[in-house]
Structures are given as structure tokens and as C-alpha cells.
Amino acid sequence: APAAPAAAAAATPAPAPAALAATAPAARQGKFSRTESAAVIAAAEEEATARGVTVAGLVDRADWGRGAKNPWRALAAQFPGRSARSLLGHVKRRCHAGAARRGDRWTAAESAALQRAHAARPSAWTAIARELGRTPGACRDRYRTLFGDPTPGAAPAAPSRTGPWEPDEEARLLAFAGSSATGDVAFGAAARAVGTRSRLQCSRKWGELRPSSAPRHLDTAAERLALCEALVARGVTDESDVTWTELGWDVPGTATTVALSGWRRLRRRYPELDFRAAVARCVADLRDEVRAAG
């Protein structure tokens, strides 16, 4: 007699990491979705086991060499569209010994220790991260925000002001952004041009100042419906698969979050549903609201 479905499912072996890798989106660029991230981490764990190290040890070592000796090149062969460098960066952010401190605020003492460590070992981010218990990327980004370009020989950053921007500061930022031939703004260079603000402050302020026809908030049912229909058109099955700045409400490269924050307010209507079902219910609701308002 044929096996019952439940028994058959129980007898089915779990997919190997290499098989999980095959389910990751092909030729995907940008951020990692939850599905892809799980496949990458599983493949990294398999690679680490084969080499007799932990995943943390795999990402902490910088001398793997080239070709088949390099585990990140081996992983890149399993994930089309992902470079060895991007895979290393992703696994490092998730599995590095300092990853548990992601989101922790930096204290003044830690920032001072970071400055001293960089002065002793310029741009040796792996060693600096090990000393501070942070990830290399977190150390590099914190240094860049507080002290400017970490490249040896670069001019130190001016002290950053806090509080509301002065009109002359906004004018310097607008003038620098207007000098870009492509429209893209390098915020480290923008901070040097402004002279009184960090690159992160410049990025956030540019998100406010940059001319855009998109609304700052999705206040009407018609605007919220347009957002949900854009999500349907993307055909994604999970919120992590959405690149929110590509939907048209936000400015890529800045800290604006109109689309994401708008969706998260809508998401509260149906917390018990999965992403696709919640989007579909919101579309139906909002169409009714638009018709009632019209």
C-alpha cells in the first residue's frame, strides 16, 4: 500500500546546504532575502565543517588565498550573481563573533578605543573588531561616521555639530549635491564639503532636501492602495524580498522609509496572516475605501 503523506514527508531527508543554495534567487543583487540568507549560512556552515573550523573562524581568517583554497569563491559558485566578497560580508554580519552586538549603541569609551586602535593599526578592521568585540564593518562604519575617511593619509573629519541644520549648512550640502554629474551623492565627500556634519547626518538631510514628487507619508487610501498594488506586482512572497527604495516612494541611498513605514502600518491590520495574504487583504480593503471615498 502506498505510504501515507505524513509518513512520506517524515521519511524525506532534509535538503543539503548545496540543495538549499539552488533555491536562492539566481543572479540576485542587493540585499539578501530571508530565504537566500538561510541558504548562504547553511552553505557556509558546510564549508566551515569541511575545513575543520567554525563559521566564525571562517570569516575571521583573511589569508585563504585564491581559487579553490578560498571558501568564499567556492560559495560564490553556488550563488550566481553574488560575489565572493558580498557573501563574505553577509556571513560576517550574521556569524562573526561580534555579530551579537549588532544594534548596540556605541559608548564614548568604545569610540575612543576605536580611534586608538585605528591609530595603532590603520584600517586593520579584522584585528580592531576582535579587540573591541564588534564586527569589522561596524568598526569601519563607526570610524567613518566619527572621524572621517579611514584611508591612511586622509584628512581627519571636522567635529560634527548636533541639532537643527543652519541654512548655510543646507546650502553647502545642496551645492555639493548639485555638482554631481550623475545625481549620486557620496556622503563622505559631502560631509567634507559641509564641514560641520557627519556623512550619516548628510545622508539623512539629503533625504529630506532632495526634490521629489513622491509623498513623505501615505496619507490617503489611494496612496496606500498604490503601494499594495506595487507589492503585488513584484510577486514577492516575503517582506524581506522587497527592495523598498525601488517602489518609487523613497530616495535610493538615503535614509527615507516612506514605503516601508507605510506598509508596516498597514501590516498591523492582519498580523496573523503571511505576507502575501496580508497584502491581498489590504488591497481588497483599500479598494473598498477608495470606492467609498469617490
# chains A, B, ... in the order shown; residues from 1 in each chain; ligands from 1
>>> residues_around(residues="segment 265-274 of chain A", least_positions_apart="3", cutoff="12 Å", atoms="only C-alpha atoms", output="ChimeraX atom specification")
/A:217-219,221,223-225,227-228,236-239,258-262,277-283,285-286
>>> select_by_dssp(residues="segment 71-211 of chain A", states="alpha helix (DSSP H)", output="JSON, numbers by chain")
{"A": [71, 72, 73, 74, 75, 76, 77, 78, 84, 85, 86, 87, 88, 89, 90, 91, 92, 93, 94, 95, 108, 109, 110, 111, 112, 113, 114, 115, 116, 117, 118, 119, 120, 125, 126, 127, 128, 129, 130, 131, 132, 136, 137, 138, 139, 140, 141, 142, 143, 144, 145, 146, 147, 167, 168, 169, 170, 171, 172, 173, 174, 175, 176, 177, 178, 187, 188, 189, 190, 191, 192, 193, 194, 199, 200, 201, 202, 203, 204, 205, 206, 207, 208, 209]}
>>> residues_around(residues="segment 111-128 of chain A", least_positions_apart="4", cutoff="9 Å", atoms="only C-alpha atoms", output="PyMOL selection string")
chain A and resi 60-62+106-107+132-137+139-140+142-143+146-147+150-152
>>> closest_residue(among="A:Arg276, A:Arg291, A:Arg66, A:Arg172", to="Ala189 of chain A", atoms="only C-alpha atoms")
A:Arg172
>>> atom_distance(atom1="atom CA of Glu289 of chain A", atom2="atom CA of Ala230 of chain A")
17.6 Å
>>> residues_around(residues="Leu200 of chain A", least_positions_apart="4", cutoff="10 Å", atoms="only C-alpha atoms", output="list in words")
Asp141, Arg144, Thr145, Leu146, Phe187, Gly188, Ala190, Ala191, Arg204, Lys205, Trp206, Thr254 and Ala255 of chain A
>>> residues_around(residues="Phe32 of chain A", least_positions_apart="6", cutoff="10 Å", atoms="only C-alpha atoms", output="PyMOL selection string")
chain A and resi 24-25+38+40+82+86-87+90+240-243
>>> write_last_selection(atoms="N, CA and C atoms", output="PDB file, in the first residue's frame")
ATOM      1  N   ALA A  24      18.059  29.592  -3.910  1.00  0.00           N
ATOM      2  CA  ALA A  24      18.242  31.030  -3.807  1.00  0.00           C
ATOM      3  C   ALA A  24      18.016  31.681  -5.159  1.00  0.00           C
ATOM      4  N   PRO A  25      17.477  32.910  -5.170  1.00  0.00           N
ATOM      5  CA  PRO A  25      17.209  33.571  -6.441  1.00  0.00           C
ATOM      6  C   PRO A  25      18.464  33.708  -7.280  1.00  0.00           C
ATOM      7  N   ALA A  38      19.332  32.201   4.591  1.00  0.00           N
ATOM      8  CA  ALA A  38      19.382  30.882   5.230  1.00  0.00           C
ATOM      9  C   ALA A  38      20.205  29.905   4.402  1.00  0.00           C
ATOM     10  N   VAL A  40      22.648  30.686   2.295  1.00  0.00           N
ATOM     11  CA  VAL A  40      24.058  31.086   2.356  1.00  0.00           C
ATOM     12  C   VAL A  40      24.684  30.639   3.676  1.00  0.00           C
ATOM     13  N   ARG A  82      26.130  36.560  -6.889  1.00  0.00           N
ATOM     14  CA  ARG A  82      26.720  37.004  -5.640  1.00  0.00           C
ATOM     15  C   ARG A  82      28.235  36.853  -5.722  1.00  0.00           C
ATOM     16  N   SER A  86      30.694  39.764  -1.443  1.00  0.00           N
ATOM     17  CA  SER A  86      29.377  40.026  -0.854  1.00  0.00           C
ATOM     18  C   SER A  86      28.947  38.892   0.056  1.00  0.00           C
ATOM     19  N   LEU A  87      29.294  37.645  -0.299  1.00  0.00           N
ATOM     20  CA  LEU A  87      28.964  36.501   0.552  1.00  0.00           C
ATOM     21  C   LEU A  87      29.750  36.556   1.858  1.00  0.00           C
ATOM     22  N   HIS A  90      28.160  39.191   4.035  1.00  0.00           N
ATOM     23  CA  HIS A  90      26.872  38.783   4.604  1.00  0.00           C
ATOM     24  C   HIS A  90      27.056  37.806   5.756  1.00  0.00           C
ATOM     25  N   SER A 240      11.039  40.448   3.296  1.00  0.00           N
ATOM     26  CA  SER A 240      12.481  40.619   3.146  1.00  0.00           C
ATOM     27  C   SER A 240      12.921  40.603   1.686  1.00  0.00           C
ATOM     28  N   ASP A 241      12.045  40.148   0.778  1.00  0.00           N
ATOM     29  CA  ASP A 241      12.382  40.134  -0.645  1.00  0.00           C
ATOM     30  C   ASP A 241      12.158  41.484  -1.318  1.00  0.00           C
ATOM     31  N   VAL A 242      11.533  42.421  -0.622  1.00  0.00           N
ATOM     32  CA  VAL A 242      11.182  43.704  -1.222  1.00  0.00           C
ATOM     33  C   VAL A 242      12.346  44.678  -1.101  1.00  0.00           C
ATOM     34  N   THR A 243      12.725  45.303  -2.205  1.00  0.00           N
ATOM     35  CA  THR A 243      13.672  46.416  -2.172  1.00  0.00           C
ATOM     36  C   THR A 243      12.829  47.686  -2.156  1.00  0.00           C
TER      37      THR A 243
END
